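Data block for coords.txt (compact mmCIF, C-alpha atoms):
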```
# COMPACT_ATOMS: atom_id res chain seq x y z
CA MET A 1 4.01 15.08 -3.87
CA LEU A 2 6.17 13.12 -1.43
CA LYS A 3 4.31 14.67 1.49
CA ARG A 4 0.97 13.43 0.16
CA ARG A 5 2.37 9.95 -0.46
CA ILE A 6 3.72 9.80 3.12
CA LEU A 7 0.34 10.93 4.47
CA MET A 8 -1.40 8.30 2.34
CA SER A 9 0.97 5.62 3.68
CA LEU A 10 0.37 6.75 7.25
CA PHE A 11 -3.39 6.85 6.75
CA GLY A 12 -3.40 3.44 5.07
CA VAL A 13 -1.41 1.77 7.85
CA ILE A 14 -3.63 3.28 10.56
CA ILE A 15 -6.79 2.13 8.78
CA CYS A 16 -5.37 -1.37 8.24
CA ALA A 17 -4.40 -1.59 11.91
CA ILE A 18 -7.92 -0.62 12.98
CA ALA A 19 -9.26 -3.26 10.60
CA VAL A 20 -7.11 -5.98 12.18
CA GLY A 21 -8.50 -4.98 15.58
CA ILE A 22 -12.01 -5.39 14.18
CA PHE A 23 -11.02 -8.80 12.76
CA LYS A 24 -9.89 -9.88 16.22
CA ILE A 25 -13.27 -8.87 17.68
CA ALA A 26 -15.02 -10.88 14.94
CA ALA A 27 -12.92 -13.92 15.95
CA LEU A 28 -13.65 -15.64 12.63
CA GLY A 29 -10.09 -15.73 11.35
CA VAL A 30 -7.57 -13.08 10.38
CA ASP A 31 -5.24 -12.73 7.39
CA PRO A 32 -2.44 -15.34 7.14
CA PHE A 33 0.32 -13.20 8.66
CA GLN A 34 -1.92 -12.05 11.50
CA SER A 35 -2.85 -15.69 12.14
CA LEU A 36 0.84 -16.32 12.83
CA MET A 37 0.94 -13.22 15.03
CA SER A 38 -2.17 -14.39 16.91
CA GLY A 39 -0.51 -17.74 17.56
CA LEU A 40 2.66 -16.07 18.80
CA ASP A 41 0.57 -13.71 20.92
CA LYS A 42 -1.02 -16.74 22.59
CA LEU A 43 2.39 -18.30 23.24
CA ILE A 44 4.56 -15.32 24.19
CA PRO A 45 3.48 -13.27 27.24
CA ILE A 46 4.24 -9.76 26.00
CA ALA A 47 2.02 -6.99 24.62
CA PHE A 48 0.85 -7.61 21.04
CA GLY A 49 2.19 -4.26 19.81
CA THR A 50 5.68 -5.01 21.10
CA LEU A 51 5.56 -8.56 19.75
CA TYR A 52 4.57 -7.25 16.33
CA VAL A 53 7.57 -4.91 16.26
CA ILE A 54 9.97 -7.72 17.29
CA VAL A 55 8.74 -10.14 14.60
CA ASN A 56 8.83 -7.46 11.91
CA VAL A 57 12.32 -6.33 12.89
CA ILE A 58 13.46 -9.94 12.31
CA LEU A 59 11.76 -9.92 8.89
CA LEU A 60 13.26 -6.49 8.18
CA LEU A 61 16.76 -7.84 8.82
CA PHE A 62 16.06 -10.57 6.27
CA SER A 63 15.06 -7.95 3.67
CA LEU A 64 18.01 -5.69 4.43
CA ILE A 65 20.38 -8.59 3.86
CA ALA A 66 18.62 -10.15 0.85
CA ASP A 67 17.27 -7.12 -1.05
CA ARG A 68 16.62 -3.71 0.47
CA THR A 69 15.11 -2.12 -2.65
CA LYS A 70 11.52 -2.71 -1.51
CA ILE A 71 12.10 -1.17 1.92
CA GLY A 72 10.92 2.41 2.31
CA ILE A 73 9.27 4.91 4.63
CA ALA A 74 5.99 2.98 4.62
CA THR A 75 7.82 -0.16 5.77
CA PHE A 76 8.86 1.56 8.99
CA ILE A 77 5.46 3.21 9.46
CA ASN A 78 3.93 -0.27 9.27
CA LEU A 79 6.58 -1.79 11.53
CA PHE A 80 6.26 0.67 14.41
CA LEU A 81 2.57 1.63 14.27
CA LEU A 82 0.40 -1.24 13.10
CA GLY A 83 0.86 -3.55 16.09
CA TYR A 84 0.21 -0.90 18.74
CA ILE A 85 -2.80 0.57 16.94
CA THR A 86 -4.24 -2.92 16.49
CA GLN A 87 -3.74 -3.63 20.20
CA PHE A 88 -5.39 -0.34 21.19
CA THR A 89 -8.32 -0.87 18.78
CA TYR A 90 -8.95 -4.41 19.98
CA GLU A 91 -8.82 -3.48 23.65
CA PHE A 92 -11.08 -0.46 23.07
CA LEU A 93 -13.65 -2.45 21.08
CA GLN A 94 -13.74 -5.10 23.81
CA THR A 95 -15.14 -2.45 26.17
CA ILE A 96 -17.92 -1.64 23.68
CA ILE A 97 -18.67 -5.02 22.10
CA VAL A 98 -18.88 -7.41 25.05
CA ASP A 99 -19.43 -11.12 24.34
CA PRO A 100 -20.69 -10.59 20.76
CA GLY A 101 -23.04 -13.09 19.14
CA MET A 102 -22.53 -14.61 15.71
CA ILE A 103 -24.47 -11.87 13.90
CA VAL A 104 -22.33 -9.13 15.45
CA ARG A 105 -19.15 -11.12 14.76
CA ALA A 106 -20.15 -11.63 11.12
CA ALA A 107 -20.88 -7.90 10.80
CA CYS A 108 -17.46 -7.10 12.29
CA LEU A 109 -15.84 -9.47 9.78
CA ILE A 110 -17.53 -7.72 6.84
CA VAL A 111 -16.62 -4.28 8.18
CA GLY A 112 -13.05 -5.44 8.82
CA ILE A 113 -12.65 -6.70 5.25
CA VAL A 114 -13.95 -3.47 3.71
CA VAL A 115 -11.83 -1.31 6.02
CA ILE A 116 -8.59 -3.27 5.47
CA CYS A 117 -9.07 -3.14 1.69
CA PHE A 118 -9.69 0.61 1.89
CA GLY A 119 -6.53 1.13 3.93
CA SER A 120 -4.48 -1.19 1.72
CA ALA A 121 -5.42 0.83 -1.36
CA PHE A 122 -3.87 3.99 0.13
CA TYR A 123 -0.82 2.14 1.41
CA MET A 124 -0.17 0.45 -1.93
CA THR A 125 -0.88 3.49 -4.12
CA ALA A 126 1.56 5.63 -2.11
CA ASN A 127 4.28 3.15 -3.18
CA LEU A 128 6.79 4.07 -0.47
CA GLY A 129 7.83 0.56 0.47
CA VAL A 130 6.12 -2.71 1.32
CA SER A 131 5.58 -4.41 4.66
CA THR A 132 8.37 -6.67 5.88
CA TYR A 133 6.14 -9.70 5.34
CA ASP A 134 5.27 -8.72 1.76
CA ALA A 135 8.99 -8.24 1.10
CA VAL A 136 9.73 -11.90 1.86
CA ALA A 137 7.69 -13.22 -1.09
CA ILE A 138 8.97 -10.43 -3.34
CA VAL A 139 12.60 -11.32 -2.59
CA MET A 140 11.96 -15.02 -3.19
CA SER A 141 10.25 -14.38 -6.52
CA GLU A 142 12.17 -11.42 -7.96
CA LYS A 143 15.63 -11.79 -6.39
CA TRP A 144 15.97 -15.53 -5.89
CA LYS A 145 13.76 -16.51 -8.87
CA LEU A 146 12.08 -19.34 -6.94
CA GLY A 147 8.80 -18.92 -8.81
CA LYS A 148 6.04 -16.47 -9.63
CA PHE A 149 5.10 -14.04 -6.87
CA GLN A 150 1.52 -15.24 -6.54
CA TYR A 151 2.62 -18.84 -5.93
CA ILE A 152 5.38 -17.85 -3.52
CA ARG A 153 2.88 -15.67 -1.63
CA ILE A 154 0.41 -18.55 -1.36
CA ALA A 155 3.24 -20.72 0.01
CA THR A 156 4.29 -18.12 2.61
CA ASP A 157 0.64 -17.62 3.59
CA VAL A 158 0.19 -21.38 4.08
CA VAL A 159 3.36 -21.50 6.21
CA CYS A 160 2.01 -18.64 8.36
CA VAL A 161 -1.34 -20.35 8.83
CA VAL A 162 0.24 -23.70 9.75
CA LEU A 163 2.80 -22.17 12.11
CA GLY A 164 0.16 -19.88 13.59
CA THR A 165 -2.08 -22.86 14.35
CA ILE A 166 0.79 -24.86 15.88
CA VAL A 167 2.04 -22.10 18.17
CA PHE A 168 -1.54 -21.20 19.11
CA LEU A 169 -2.11 -24.79 20.30
CA ILE A 170 1.28 -24.91 22.04
CA GLY A 171 0.39 -21.64 23.77
CA GLY A 172 -2.65 -23.23 25.36
CA GLY A 173 -5.30 -22.75 22.70
CA THR A 174 -7.72 -25.55 21.87
CA TRP A 175 -8.77 -26.96 18.51
CA ARG A 176 -12.21 -25.50 19.16
CA GLU A 177 -10.65 -22.03 19.37
CA VAL A 178 -8.53 -22.37 16.21
CA PRO A 179 -11.27 -20.95 13.88
CA THR A 180 -11.03 -17.65 15.78
CA VAL A 181 -7.55 -17.10 14.30
CA VAL A 182 -7.67 -19.37 11.23
CA GLY A 183 -11.19 -19.37 9.83
CA ILE A 184 -13.44 -17.99 7.12
CA GLY A 185 -11.85 -14.56 7.51
CA THR A 186 -8.44 -16.07 6.70
CA ILE A 187 -9.78 -17.63 3.49
CA ILE A 188 -11.47 -14.40 2.39
CA THR A 189 -8.42 -12.21 3.03
CA ALA A 190 -6.07 -14.67 1.34
CA PHE A 191 -8.03 -15.11 -1.88
CA PHE A 192 -10.75 -12.47 -2.33
CA MET A 193 -9.41 -9.09 -1.18
CA GLY A 194 -7.74 -8.18 -4.48
CA PRO A 195 -10.82 -6.95 -6.39
CA LEU A 196 -12.01 -4.77 -3.50
CA ILE A 197 -8.55 -3.25 -3.03
CA GLU A 198 -8.42 -2.49 -6.76
CA PHE A 199 -11.87 -0.87 -6.54
CA PHE A 200 -10.67 1.52 -3.84
CA ASN A 201 -7.43 2.06 -5.78
CA GLU A 202 -9.31 3.06 -8.89
CA LYS A 203 -12.09 5.10 -7.29
CA ILE A 204 -10.30 6.87 -4.43
CA ALA A 205 -6.56 6.34 -3.86
CA ARG A 206 -5.20 6.87 -7.39
CA PRO A 207 -7.45 9.87 -8.17
CA LEU A 208 -6.33 11.44 -4.88
CA LEU A 209 -2.67 10.96 -5.74
CA ASN A 210 -3.14 12.06 -9.36
CA SER A 211 -4.91 15.25 -8.28
CA GLU A 212 -1.69 16.26 -6.52
CA LYS A 213 0.32 15.45 -9.66
CA ASN A 214 -2.01 17.62 -11.74
CA LYS A 215 -1.62 20.54 -9.33
CA GLU A 216 2.16 20.30 -9.56
CA SER A 217 2.09 20.23 -13.36
CA GLU A 218 -0.07 23.35 -13.60
```

Re-express the file's structure as structure tokens.
Amino acid sequence: MLKRRILMSLFGVIICAIAVGIFKIAALGVDPFQSLMSGLDKLIPIAFGTLYVIVNVILLLFSLIADRTKIGIATFINLFLLGYITQFTYEFLQTIIVDPGMIVRAACLIVGIVVICFGSAFYMTANLGVSTYDAVAIVMSEKWKLGKFQYIRIATDVVCVVLGTIVFLIGGGTWREVPTVVGIGTIITAFFMGPLIEFFNEKIARPLLNSEKNKESE
């Protein structure tokens, strides 16, 4: 049972990382945390994969100090793999999709949303720990009792978007380029991914996990 949950976590993180790479090709906005990462990537001259690990290690230290109960195997899979797989996917797709037009970018955005929801369903259903970013809002809502999770999460997402925009501009980006990291894709991922994730949870991820449970009970 644990083996299947680990494999589901690994699969989910890989799929989510590929999706973020597709989002970057679409250049119509990424999810709030990745908008912060995109801003930092513009400002700090190191590889995206390495930068992702550094930022998440800082967030991991916060969770280990504040409340380590939500940290698990999947947390470390996400920490060490997602950034590098995203970097590889983006660089690979750039060799295939060169100077895409708006129709291609819109198609990439749609594909990216479906793929990231599919991956998230596996990652969440495996229930082996949350990402370091997700842990921040959980600690603030459950440990520190600062408010309901959904409102804390909206607040942390807004902070990420604002900081991401600021550091993107400081790093040399222009206002005209801002919608490539904070755009329609950011709005969709922040507010409308839930139902699609639940669809994949109900139709694929949970039945897959439950089939293993049934085998063990036989």

(message) Residues near A:Arg206, anyone? I mean within 10 Å using only C-alpha atoms, not counting same-chain ones fewer than 3 positions away, as a ChimeraX atom specification.
(response) /A:121-122,124-126,198,200-203,209-211

(request) Tell me which protein, DNA and RNA residues are within 7 Å of stretch 70-75 of chain A, counting all atoms listed in the file, leaving out same-chain ones fewer than 4 positions away, and put them as number ranges by chain. (result) A: 9, 79, 128-132, 135

Dump as a tab-separated table (two decimals), in the frame of the given file, selection limited to C-alpha atoms:
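Written file, selection-v4.tsv:
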```tsv
chain	number	residue	atom	x	y	z
A	9	SER	CA	0.97	5.62	3.68
A	79	LEU	CA	6.58	-1.79	11.53
A	128	LEU	CA	6.79	4.07	-0.47
A	129	GLY	CA	7.83	0.56	0.47
A	130	VAL	CA	6.12	-2.71	1.32
A	131	SER	CA	5.58	-4.41	4.66
A	132	THR	CA	8.37	-6.67	5.88
A	135	ALA	CA	8.99	-8.24	1.10
```

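Checking A:Ile25, A:Val136, A:Ile44, A:Val114 one by one against A:Val98, counting all atoms listed in the file, you find the shortest gap at A:Ile25.
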
Can you build me a table of stretch 169-216 of chain A residues sitting at most 9 Å from stretch 30-34 of chain A, with the closest atom pair per residue and its distance in Å to one decimal, using all atoms listed in the file, sorted by chain and residue number, as a tab-separated table?
```
residue	atom	partner	partner_atom	distance
A:Thr180	CA	A:Val30	CA	7.9
A:Val181	CA	A:Val30	CA	5.6
A:Val182	CA	A:Val30	CA	6.3
A:Gly183	CA	A:Val30	CA	7.3
A:Ile184	CA	A:Val30	CA	8.3
A:Gly185	CA	A:Val30	CA	5.4
A:Thr186	CA	A:Asp31	CA	4.7
A:Ile187	CA	A:Asp31	CA	7.7
A:Ile188	CA	A:Asp31	CA	8.2
A:Thr189	CA	A:Asp31	CA	5.4
A:Ala190	CA	A:Asp31	CA	6.4
```

(request) May I ask which of the residues A:Tyr123, A:Glu177, A:Val57, A:Leu208 is the closest one to A:Thr165, counting only C-alpha atoms? (result) A:Glu177

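Taking all atoms listed in the file into account, A:Gln87 lies nearest to A:Ala17 out of the set A:Ile65, A:Ala17, A:Leu146, A:Ile152.
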
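Between atom CA of A:Ile22 and atom CA of A:Gly49 there is a distance of 15.3 Å.
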
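Atom CA of A:Val139 sits 6.5 Å away from atom CA of A:Asp67.
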
(request) Step by step: start from the point (9.2, -8.4, 14.3) in the file's coordinates, keep every protein, DNA or RNA residue that has an atom no farther than 12 Å from it, count all atoms listed in the file, and write the set as a ChimeraX atom specification. (result) /A:33,36-37,40,48-62,75-76,78-80,82-83,131-133

(message) Just the number, please: distance in Å from atom CA of A:Val159 to atom CA of A:Gly29, one decimal.
(response) 15.5 Å

(message) I need the residue nearest A:Pro100 from this list: A:Asn127, A:Ser35, A:Ala27, A:Val20. Use only C-alpha atoms for the distance.
(response) A:Ala27

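Shortest atom-to-atom contact with A:Leu10 among A:Leu28, A:Leu163, A:Ile116, A:Ile77: A:Ile77, counting all atoms listed in the file.
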
(request) Name the residues in contact with A:Lys143 at a cut-off of 10 Å, using only C-alpha atoms, excluding same-chain residues fewer than 5 positions from it; report them as JSON, numbers by chain. (result) {"A": [66, 67, 137, 138]}

Save the residues we just selected, C-alpha atoms, as a CSV table (one decimal), keeping the file's coordinate frame?
```
chain,number,residue,atom,x,y,z
A,66,ALA,CA,18.6,-10.2,0.8
A,67,ASP,CA,17.3,-7.1,-1.0
A,137,ALA,CA,7.7,-13.2,-1.1
A,138,ILE,CA,9.0,-10.4,-3.3
```

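Neighbours of A:Val167 closer than or equal to 9 Å, with only C-alpha atoms counted and sequence neighbours fewer than 5 positions away skipped, come out as Leu36, Ser38, Gly39, Leu40, Asp41, Lys42, Leu43, Val162, Gly172 and Gly173 of chain A.
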
(request) Quick one: everything within 9 Å of A:Ile18, counting all atoms listed in the file, minus sequence neighbours fewer than 5 positions away in the same chain. Send it as a ChimeraX atom specification. (result) /A:13,23,82,85-90,112,115-116

Would you please take stretch 73-87 of chain A of the structure in the block above and write C-alpha atoms to a file as a PDB file, in the first residue's frame?
```
ATOM      1  CA  ILE A  73       7.910  11.751   1.596  1.00  0.00           C
ATOM      2  CA  ALA A  74       5.952  13.628  -1.071  1.00  0.00           C
ATOM      3  CA  THR A  75       7.231  16.942   0.302  1.00  0.00           C
ATOM      4  CA  PHE A  76      10.806  15.950  -0.495  1.00  0.00           C
ATOM      5  CA  ILE A  77       9.867  14.437  -3.862  1.00  0.00           C
ATOM      6  CA  ASN A  78       8.314  17.792  -4.754  1.00  0.00           C
ATOM      7  CA  LEU A  79      11.242  19.763  -3.359  1.00  0.00           C
ATOM      8  CA  PHE A  80      14.009  17.970  -5.254  1.00  0.00           C
ATOM      9  CA  LEU A  81      12.283  16.991  -8.508  1.00  0.00           C
ATOM     10  CA  LEU A  82       9.691  19.547  -9.556  1.00  0.00           C
ATOM     11  CA  GLY A  83      12.037  22.437 -10.349  1.00  0.00           C
ATOM     12  CA  TYR A  84      14.475  20.414 -12.432  1.00  0.00           C
ATOM     13  CA  ILE A  85      11.750  18.583 -14.365  1.00  0.00           C
ATOM     14  CA  THR A  86      10.019  21.893 -15.053  1.00  0.00           C
ATOM     15  CA  GLN A  87      13.294  23.382 -16.303  1.00  0.00           C
TER      16      GLN A  87
END
```
